[in-house]
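S.K.: Got a structure for you, structure-v6.txt, holding compact mmCIF, N, CA and C atoms.
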# COMPACT_ATOMS: atom_id res chain seq x y z
N MET T 13 -66.47 112.33 125.14
CA MET T 13 -66.27 111.84 123.78
C MET T 13 -67.62 111.46 123.18
N GLU T 14 -67.73 111.68 121.92
CA GLU T 14 -68.92 111.30 121.16
C GLU T 14 -68.43 110.50 119.96
N GLU T 15 -69.13 109.41 119.64
CA GLU T 15 -68.74 108.61 118.48
C GLU T 15 -69.92 108.45 117.53
N VAL T 16 -69.62 108.55 116.24
CA VAL T 16 -70.63 108.40 115.20
C VAL T 16 -70.17 107.31 114.25
N ILE T 17 -71.09 106.48 113.83
CA ILE T 17 -70.81 105.46 112.81
C ILE T 17 -71.59 105.85 111.56
N ALA T 18 -70.89 105.88 110.43
CA ALA T 18 -71.51 106.15 109.14
C ALA T 18 -70.98 105.11 108.15
N TYR T 19 -71.48 105.19 106.93
CA TYR T 19 -71.12 104.18 105.93
C TYR T 19 -70.68 104.85 104.63
N GLY T 20 -69.88 104.11 103.88
CA GLY T 20 -69.38 104.60 102.61
C GLY T 20 -70.42 104.53 101.51
N HIS T 21 -70.12 105.22 100.42
CA HIS T 21 -71.02 105.27 99.26
C HIS T 21 -70.17 105.59 98.03
N PRO T 22 -70.44 104.96 96.89
CA PRO T 22 -69.65 105.21 95.68
C PRO T 22 -69.63 106.66 95.21
N ASN T 23 -70.63 107.46 95.59
CA ASN T 23 -70.67 108.86 95.16
C ASN T 23 -69.96 109.82 96.11
N ILE T 24 -69.31 109.31 97.15
CA ILE T 24 -68.54 110.20 98.03
C ILE T 24 -67.36 110.75 97.23
N ARG T 25 -67.29 112.07 97.15
CA ARG T 25 -66.20 112.74 96.43
C ARG T 25 -65.27 113.48 97.38
N ALA T 26 -65.81 114.03 98.47
CA ALA T 26 -65.03 114.75 99.47
C ALA T 26 -64.12 115.80 98.84
N THR T 27 -64.72 116.69 98.06
CA THR T 27 -63.94 117.73 97.38
C THR T 27 -64.32 119.15 97.83
N HIS T 28 -65.28 119.28 98.72
CA HIS T 28 -65.71 120.61 99.15
C HIS T 28 -64.56 121.34 99.86
N LYS T 29 -64.44 122.62 99.60
CA LYS T 29 -63.30 123.38 100.10
C LYS T 29 -63.49 124.02 101.48
N SER T 30 -64.71 123.99 102.02
CA SER T 30 -64.89 124.66 103.32
C SER T 30 -65.66 123.86 104.37
N THR T 31 -66.20 122.69 104.01
CA THR T 31 -66.95 121.89 104.98
C THR T 31 -66.76 120.40 104.74
N PHE T 32 -67.18 119.61 105.73
CA PHE T 32 -67.50 118.20 105.48
C PHE T 32 -68.72 117.85 106.32
N GLU T 33 -69.46 116.88 105.81
CA GLU T 33 -70.76 116.55 106.39
C GLU T 33 -70.93 115.05 106.54
N ILE T 34 -71.62 114.68 107.62
CA ILE T 34 -72.03 113.30 107.86
C ILE T 34 -73.55 113.34 107.90
N THR T 35 -74.22 112.42 107.20
CA THR T 35 -75.68 112.47 107.10
C THR T 35 -76.33 111.12 107.40
N LYS T 36 -77.55 111.18 107.89
CA LYS T 36 -78.34 109.97 108.09
C LYS T 36 -78.96 109.48 106.78
N GLU T 37 -78.98 110.33 105.78
CA GLU T 37 -79.56 109.96 104.48
C GLU T 37 -78.81 108.75 103.92
N SER T 38 -79.52 107.91 103.18
CA SER T 38 -78.88 106.72 102.60
C SER T 38 -78.49 106.92 101.14
N THR T 39 -79.07 107.93 100.51
CA THR T 39 -78.74 108.20 99.11
C THR T 39 -77.79 109.40 99.03
N LEU T 40 -77.00 109.42 97.98
CA LEU T 40 -76.03 110.50 97.77
C LEU T 40 -75.83 110.70 96.28
N THR T 41 -76.02 111.93 95.84
CA THR T 41 -75.73 112.25 94.44
C THR T 41 -74.32 112.82 94.36
N LYS T 42 -73.79 112.91 93.16
CA LYS T 42 -72.43 113.45 92.99
C LYS T 42 -72.35 114.93 93.33
N ARG T 43 -73.49 115.59 93.45
CA ARG T 43 -73.49 117.00 93.84
C ARG T 43 -73.13 117.18 95.31
N GLY T 44 -73.29 116.15 96.13
CA GLY T 44 -73.00 116.23 97.56
C GLY T 44 -71.51 116.10 97.84
N ASP T 45 -70.73 117.06 97.37
CA ASP T 45 -69.27 116.94 97.43
C ASP T 45 -68.66 117.17 98.82
N CYS T 46 -69.48 117.55 99.80
CA CYS T 46 -68.96 117.73 101.15
C CYS T 46 -69.21 116.49 102.02
N ILE T 47 -70.06 115.59 101.57
CA ILE T 47 -70.46 114.44 102.39
C ILE T 47 -69.36 113.38 102.42
N ILE T 48 -69.05 112.93 103.66
CA ILE T 48 -68.01 111.91 103.83
C ILE T 48 -68.56 110.62 104.41
N GLY T 49 -69.87 110.57 104.71
CA GLY T 49 -70.47 109.36 105.22
C GLY T 49 -71.99 109.46 105.19
N VAL T 50 -72.64 108.34 104.89
CA VAL T 50 -74.10 108.27 104.82
C VAL T 50 -74.61 107.26 105.85
N LYS T 51 -75.92 107.21 106.03
CA LYS T 51 -76.57 106.27 106.96
C LYS T 51 -75.96 106.35 108.36
N SER T 52 -75.60 107.57 108.81
CA SER T 52 -74.99 107.72 110.12
C SER T 52 -75.99 107.41 111.23
N ASN T 53 -75.47 107.01 112.36
CA ASN T 53 -76.33 106.70 113.50
C ASN T 53 -76.68 107.93 114.33
N LYS T 54 -76.07 109.10 114.00
CA LYS T 54 -76.36 110.32 114.73
C LYS T 54 -76.32 111.53 113.81
N ALA T 55 -77.10 112.53 114.19
CA ALA T 55 -77.04 113.86 113.59
C ALA T 55 -76.87 114.83 114.76
N CYS T 56 -76.83 116.12 114.50
CA CYS T 56 -76.63 117.09 115.58
C CYS T 56 -77.65 116.90 116.72
N LYS T 57 -78.88 116.66 116.36
CA LYS T 57 -79.95 116.50 117.35
C LYS T 57 -79.67 115.34 118.32
N ASP T 58 -78.96 114.32 117.86
CA ASP T 58 -78.75 113.10 118.63
C ASP T 58 -77.53 113.13 119.55
N ILE T 59 -76.71 114.16 119.42
CA ILE T 59 -75.52 114.27 120.27
C ILE T 59 -75.96 114.43 121.73
N SER T 60 -75.23 113.84 122.65
CA SER T 60 -75.62 113.91 124.06
C SER T 60 -75.66 115.36 124.55
N GLU T 61 -76.54 115.60 125.51
CA GLU T 61 -76.68 116.95 126.07
C GLU T 61 -75.39 117.41 126.73
N LEU T 62 -74.68 116.51 127.37
CA LEU T 62 -73.41 116.86 128.01
C LEU T 62 -72.39 117.33 126.96
N PHE T 63 -72.33 116.63 125.83
CA PHE T 63 -71.39 117.02 124.77
C PHE T 63 -71.82 118.35 124.16
N LYS T 64 -73.12 118.55 123.96
CA LYS T 64 -73.61 119.82 123.43
C LYS T 64 -73.22 120.97 124.36
N LYS T 65 -73.39 120.76 125.66
CA LYS T 65 -73.02 121.79 126.64
C LYS T 65 -71.54 122.12 126.54
N SER T 66 -70.70 121.11 126.39
CA SER T 66 -69.26 121.33 126.24
C SER T 66 -68.97 122.12 124.97
N LEU T 67 -69.63 121.76 123.87
CA LEU T 67 -69.40 122.46 122.60
C LEU T 67 -69.74 123.95 122.70
N ARG T 68 -70.72 124.27 123.50
CA ARG T 68 -71.14 125.67 123.64
C ARG T 68 -70.21 126.48 124.55
N ASN T 69 -69.12 125.86 125.00
CA ASN T 69 -68.13 126.54 125.83
C ASN T 69 -66.84 126.84 125.07
N ASN T 70 -66.93 127.02 123.76
CA ASN T 70 -65.77 127.38 122.93
C ASN T 70 -64.62 126.38 123.00
N VAL T 71 -64.91 125.13 123.25
CA VAL T 71 -63.85 124.13 123.38
C VAL T 71 -63.25 123.76 122.02
N ALA T 72 -62.00 123.30 122.06
CA ALA T 72 -61.38 122.70 120.87
C ALA T 72 -61.76 121.22 120.86
N VAL T 73 -62.00 120.70 119.66
CA VAL T 73 -62.42 119.31 119.51
C VAL T 73 -61.55 118.64 118.45
N LYS T 74 -61.02 117.48 118.80
CA LYS T 74 -60.30 116.66 117.82
C LYS T 74 -61.28 115.68 117.22
N VAL T 75 -61.35 115.67 115.89
CA VAL T 75 -62.21 114.74 115.16
C VAL T 75 -61.30 113.69 114.54
N ILE T 76 -61.51 112.44 114.89
CA ILE T 76 -60.72 111.34 114.32
C ILE T 76 -61.65 110.55 113.40
N ILE T 77 -61.29 110.52 112.13
CA ILE T 77 -62.09 109.82 111.12
C ILE T 77 -61.31 108.59 110.69
N GLU T 78 -61.94 107.42 110.77
CA GLU T 78 -61.26 106.18 110.43
C GLU T 78 -62.12 105.31 109.53
N CYS T 79 -61.48 104.75 108.52
CA CYS T 79 -62.14 103.80 107.63
C CYS T 79 -61.11 102.81 107.12
N ASN T 80 -61.35 101.54 107.34
CA ASN T 80 -60.46 100.47 106.86
C ASN T 80 -59.02 100.65 107.34
N GLY T 81 -58.85 101.09 108.59
CA GLY T 81 -57.51 101.23 109.17
C GLY T 81 -56.78 102.52 108.83
N ILE T 82 -57.34 103.34 107.96
CA ILE T 82 -56.74 104.63 107.62
C ILE T 82 -57.43 105.71 108.45
N LYS T 83 -56.63 106.60 109.07
CA LYS T 83 -57.18 107.65 109.92
C LYS T 83 -56.74 109.02 109.43
N ASP T 84 -57.58 110.00 109.73
CA ASP T 84 -57.20 111.40 109.56
C ASP T 84 -57.79 112.15 110.75
N GLU T 85 -57.18 113.29 111.08
CA GLU T 85 -57.62 114.08 112.22
C GLU T 85 -57.91 115.51 111.79
N VAL T 86 -58.91 116.08 112.41
CA VAL T 86 -59.32 117.46 112.16
C VAL T 86 -59.50 118.12 113.52
N ILE T 87 -59.15 119.38 113.62
CA ILE T 87 -59.42 120.16 114.83
C ILE T 87 -60.46 121.22 114.47
N GLY T 88 -61.50 121.29 115.28
CA GLY T 88 -62.54 122.30 115.12
C GLY T 88 -62.91 122.85 116.48
N TYR T 89 -63.83 123.81 116.48
CA TYR T 89 -64.16 124.51 117.72
C TYR T 89 -65.66 124.64 117.92
N GLY T 90 -66.05 124.60 119.18
CA GLY T 90 -67.42 124.87 119.55
C GLY T 90 -67.65 126.38 119.60
N ASP T 91 -68.88 126.75 119.95
CA ASP T 91 -69.25 128.17 120.03
C ASP T 91 -70.52 128.28 120.87
N PRO T 92 -70.65 129.34 121.67
CA PRO T 92 -71.87 129.50 122.48
C PRO T 92 -73.15 129.57 121.65
N ASN T 93 -73.05 129.95 120.39
CA ASN T 93 -74.24 130.12 119.55
C ASN T 93 -74.65 128.86 118.78
N LEU T 94 -73.95 127.75 118.98
CA LEU T 94 -74.32 126.52 118.26
C LEU T 94 -75.75 126.12 118.60
N ILE T 95 -76.49 125.71 117.57
CA ILE T 95 -77.90 125.33 117.73
C ILE T 95 -78.04 123.82 117.94
N LEU T 96 -77.32 123.04 117.13
CA LEU T 96 -77.21 121.58 117.28
C LEU T 96 -78.55 120.87 117.30
N SER T 97 -79.45 121.24 116.39
CA SER T 97 -80.80 120.65 116.41
C SER T 97 -81.19 119.89 115.15
N ASP T 98 -80.31 119.84 114.15
CA ASP T 98 -80.71 119.19 112.90
C ASP T 98 -80.89 117.69 113.11
N PRO T 99 -82.01 117.12 112.62
CA PRO T 99 -82.27 115.69 112.82
C PRO T 99 -81.64 114.77 111.78
N THR T 100 -80.97 115.34 110.78
CA THR T 100 -80.48 114.53 109.67
C THR T 100 -78.97 114.53 109.50
N SER T 101 -78.31 115.64 109.82
CA SER T 101 -76.88 115.71 109.50
C SER T 101 -76.10 116.53 110.51
N MET T 102 -74.78 116.50 110.33
CA MET T 102 -73.87 117.35 111.09
C MET T 102 -72.79 117.84 110.14
N VAL T 103 -72.44 119.13 110.26
CA VAL T 103 -71.48 119.75 109.37
C VAL T 103 -70.35 120.35 110.19
N ILE T 104 -69.13 120.09 109.75
CA ILE T 104 -67.94 120.69 110.33
C ILE T 104 -67.45 121.71 109.31
N ARG T 105 -67.24 122.95 109.75
CA ARG T 105 -66.95 124.06 108.84
C ARG T 105 -65.62 124.74 109.14
N LYS T 106 -64.95 125.19 108.08
CA LYS T 106 -63.78 126.04 108.24
C LYS T 106 -64.20 127.46 108.64
N SER T 107 -65.38 127.86 108.23
CA SER T 107 -65.87 129.21 108.49
C SER T 107 -66.49 129.30 109.88
N SER T 108 -67.06 130.46 110.19
CA SER T 108 -67.74 130.67 111.47
C SER T 108 -69.26 130.59 111.31
N TYR T 109 -69.75 130.18 110.14
CA TYR T 109 -71.18 130.11 109.88
C TYR T 109 -71.84 129.08 110.80
N ILE T 110 -72.98 129.47 111.38
CA ILE T 110 -73.71 128.58 112.28
C ILE T 110 -75.16 128.46 111.81
N CYS T 111 -75.63 127.22 111.72
CA CYS T 111 -77.03 126.91 111.45
C CYS T 111 -77.35 125.64 112.24
N PRO T 112 -78.57 125.13 112.21
CA PRO T 112 -78.90 123.93 113.01
C PRO T 112 -78.05 122.71 112.67
N ARG T 113 -77.45 122.65 111.49
CA ARG T 113 -76.62 121.50 111.07
C ARG T 113 -75.16 121.62 111.50
N THR T 114 -74.75 122.79 111.96
CA THR T 114 -73.34 123.04 112.29
C THR T 114 -72.97 122.37 113.61
N LEU T 115 -71.92 121.54 113.58
CA LEU T 115 -71.40 120.90 114.80
C LEU T 115 -70.16 121.63 115.29
N LEU T 116 -69.24 121.96 114.37
CA LEU T 116 -68.00 122.65 114.72
C LEU T 116 -67.71 123.74 113.70
N ILE T 117 -67.01 124.77 114.15
CA ILE T 117 -66.59 125.85 113.26
C ILE T 117 -65.07 126.02 113.34
N HIS T 118 -64.53 126.85 112.47
CA HIS T 118 -63.09 127.16 112.42
C HIS T 118 -62.23 125.89 112.34
N ALA T 119 -62.72 124.89 111.62
CA ALA T 119 -61.96 123.64 111.48
C ALA T 119 -60.73 123.86 110.62
N ASN T 120 -59.70 123.06 110.86
CA ASN T 120 -58.46 123.20 110.10
C ASN T 120 -58.47 122.39 108.80
N LYS T 121 -59.54 121.63 108.56
CA LYS T 121 -59.66 120.86 107.32
C LYS T 121 -61.11 120.83 106.87
N ALA T 122 -61.28 120.74 105.56
CA ALA T 122 -62.58 120.49 104.94
C ALA T 122 -62.49 119.15 104.20
N ALA T 123 -63.54 118.77 103.51
CA ALA T 123 -63.56 117.49 102.81
C ALA T 123 -62.37 117.34 101.86
N CYS T 124 -62.04 118.41 101.13
CA CYS T 124 -60.96 118.33 100.14
C CYS T 124 -59.58 118.14 100.78
N ASP T 125 -59.45 118.41 102.06
CA ASP T 125 -58.16 118.30 102.76
C ASP T 125 -57.93 116.93 103.38
N LEU T 126 -58.94 116.08 103.38
CA LEU T 126 -58.80 114.76 104.01
C LEU T 126 -57.87 113.87 103.20
N ASP T 127 -57.19 112.99 103.90
CA ASP T 127 -56.28 112.02 103.29
C ASP T 127 -57.02 111.27 102.18
N ARG T 128 -56.50 111.32 100.97
CA ARG T 128 -57.18 110.72 99.83
C ARG T 128 -57.22 109.19 99.93
N ARG T 129 -56.31 108.58 100.67
CA ARG T 129 -56.41 107.12 100.89
C ARG T 129 -57.66 106.82 101.71
N LEU T 130 -57.92 107.65 102.71
CA LEU T 130 -59.12 107.51 103.52
C LEU T 130 -60.37 107.67 102.65
N VAL T 131 -60.37 108.69 101.83
CA VAL T 131 -61.52 108.96 100.94
C VAL T 131 -61.75 107.78 99.99
N SER T 132 -60.68 107.16 99.50
CA SER T 132 -60.86 106.03 98.58
C SER T 132 -61.61 104.88 99.26
N PHE T 133 -61.38 104.66 100.55
CA PHE T 133 -62.13 103.62 101.26
C PHE T 133 -63.56 104.08 101.56
N MET T 134 -63.77 105.38 101.75
CA MET T 134 -65.12 105.90 101.99
C MET T 134 -66.01 105.71 100.77
N LYS T 135 -65.40 105.57 99.61
CA LYS T 135 -66.16 105.39 98.36
C LYS T 135 -66.67 103.96 98.20
N LEU T 136 -66.23 103.05 99.05
CA LEU T 136 -66.68 101.66 98.96
C LEU T 136 -68.06 101.55 99.60
N PHE T 137 -69.01 101.01 98.88
CA PHE T 137 -70.38 100.89 99.36
C PHE T 137 -70.42 100.14 100.69
N ASN T 138 -71.04 100.78 101.69
CA ASN T 138 -71.22 100.21 103.03
C ASN T 138 -69.94 99.98 103.82
N SER T 139 -68.80 100.58 103.41
CA SER T 139 -67.62 100.51 104.28
C SER T 139 -67.96 101.25 105.57
N ILE T 140 -67.43 100.80 106.69
CA ILE T 140 -67.74 101.40 107.99
C ILE T 140 -66.79 102.57 108.25
N ILE T 141 -67.38 103.72 108.57
CA ILE T 141 -66.62 104.94 108.86
C ILE T 141 -66.90 105.31 110.31
N LYS T 142 -65.84 105.33 111.12
CA LYS T 142 -65.98 105.71 112.53
C LYS T 142 -65.47 107.13 112.70
N ILE T 143 -66.27 107.97 113.34
CA ILE T 143 -65.88 109.35 113.59
C ILE T 143 -65.98 109.59 115.09
N LYS T 144 -64.84 109.92 115.70
CA LYS T 144 -64.80 110.20 117.14
C LYS T 144 -64.56 111.69 117.34
N PHE T 145 -65.27 112.25 118.31
CA PHE T 145 -65.13 113.65 118.67
C PHE T 145 -64.62 113.72 120.10
N LEU T 146 -63.42 114.25 120.27
CA LEU T 146 -62.78 114.31 121.59
C LEU T 146 -62.58 115.76 122.00
N ILE T 147 -63.08 116.14 123.18
CA ILE T 147 -62.84 117.48 123.70
C ILE T 147 -61.38 117.57 124.12
N LEU T 148 -60.70 118.62 123.67
CA LEU T 148 -59.28 118.79 124.01
C LEU T 148 -59.13 119.66 125.26
Starting from the coordinates I provided, produce the structure as structure tokens.

M.R.:
Amino acid sequence: MEEVIAYGHPNIRATHKSTFEITKESTLTKRGDCIIGVKSNKACKDISELFKKSLRNNVAVKVIIECNGIKDEVIGYGDPNLILSDPTSMVIRKSSYICPRTLLIHANKAACDLDRRLVSFMKLFNSIIKIKFLIL
């Protein structure tokens, strides 16, 4: 299991149709419609080597996103070609596109599919967002 802590921001829109992203950046413009958390404590580069090794074995991963007692779950998949080296962010994608920021591919949800009650709490400045990644 890998856990990431991020924080809410008033400009979180979570309307992107094919991805969602968690970033270490503290600022967010309204153009960042895939971002669901800022000031995260981890990016792809920071994920443990053991978890990275597991991801490169085509595993299914359950992503549990929680903020203020509201949870949503996403299922995504690893891939042998994952790079997992970006120092700033991690992206979960519905597509099979892989770049250094990609953590999971073939996800069953993007930002626009997340529970809107959850998103409303993510919009609160500095609300705590917990994201757990569980190998299935």

S.K.: Could you work out how far CA of Ser60 (chain T) lies from atom N of His28 (chain T), giving the answer in Å with one decimal?

M.R.: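 Spanning atom N of His28 (chain T) to CA of Ser60 (chain T) is a straight-line distance of 27.9 Å.
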
S.K.: So which residues touch Ile77 (chain T) within 7 Å, counting only N, CA and C atoms, skipping near sequence neighbours fewer than 6 positions away, as a list of chain:residue names?

M.R.: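 After dropping sequence-adjacent residues, the list is T:Lys83, T:Asp84, T:Glu85, T:Val86, T:Ile141, T:Lys142, T:Ile143, T:Lys144.
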
S.K.: Give me the residues within 6.5 Å of Tyr89 (chain T) as a PyMOL selection string, counting only N, CA and C atoms and dropping any in the same chain fewer than 3 places off.

M.R.: chain T and resi 67+70-73+115-119

S.K.: Take the point (-67.9, 111.5, 102.2) as written in the file and pick out every residue within 8 Å of it, counting only N, CA and C atoms; give the list as a list in words.

M.R.: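 Neighbouring residues, ordered by chain and number, come to Tyr19, Gly20, His21, Asn23, Ile24, Arg25, Ala26, Thr27, Phe32, Glu33, Ile34, Gly44, Asp45, Cys46, Ile47, Ile48, Gly49, Val50, Ala123, Val131, Met134 and Lys135 of chain T.
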
S.K.: Need the shell around Glu37 (chain T): protein/DNA/RNA residues with any atom at most 8 Å away, counting all atoms listed in the file. Skip same-chain ones fewer than 5 positions apart. Format as a ChimeraX atom specification?

M.R.: /T:49-52,99-101

S.K.: In file coordinates, which residues lie within 6 Å of (-56.7, 123.6, 114.3) using all atoms listed in the file, given as JSON, numbers by chain?

M.R.: {"T": [87, 88, 119, 120]}

S.K.: Suppose we keep N, CA and C atoms; can you now write the selection as a compact mmCIF listing (two decimals), in the frame of the given file?

M.R.:
# COMPACT_ATOMS: atom_id res chain seq x y z
N ILE T 87 -59.15 119.38 113.62
CA ILE T 87 -59.42 120.16 114.83
C ILE T 87 -60.46 121.22 114.47
N GLY T 88 -61.50 121.29 115.28
CA GLY T 88 -62.54 122.30 115.12
C GLY T 88 -62.91 122.85 116.48
N ALA T 119 -62.72 124.89 111.62
CA ALA T 119 -61.96 123.64 111.48
C ALA T 119 -60.73 123.86 110.62
N ASN T 120 -59.70 123.06 110.86
CA ASN T 120 -58.46 123.20 110.10
C ASN T 120 -58.47 122.39 108.80

S.K.: Here is a test: counting all atoms listed in the file, which residue of T:Cys124, T:Met13, T:Leu62, T:Thr114 is nearest to Met102 (chain T)?

M.R.: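 When distances to Met102 (chain T) are compared using all atoms listed in the file, the smallest one comes from T:Thr114.
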
S.K.: Out of T:Thr39, T:Lys106, T:Asn69, T:Asp127, which residue has the shortest atom-to-atom distance to Asn93 (chain T) when counting all atoms listed in the file?

M.R.: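 Under the stated criterion, the closest residue is T:Asn69.
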
S.K.: Near Ile110 (chain T), within 7 Å and counting all atoms listed in the file, which residues show up once chain neighbours fewer than 2 positions away are dropped, as JSON, numbers by chain?

M.R.: {"T": [93, 94, 95, 107, 108, 112, 113, 114]}
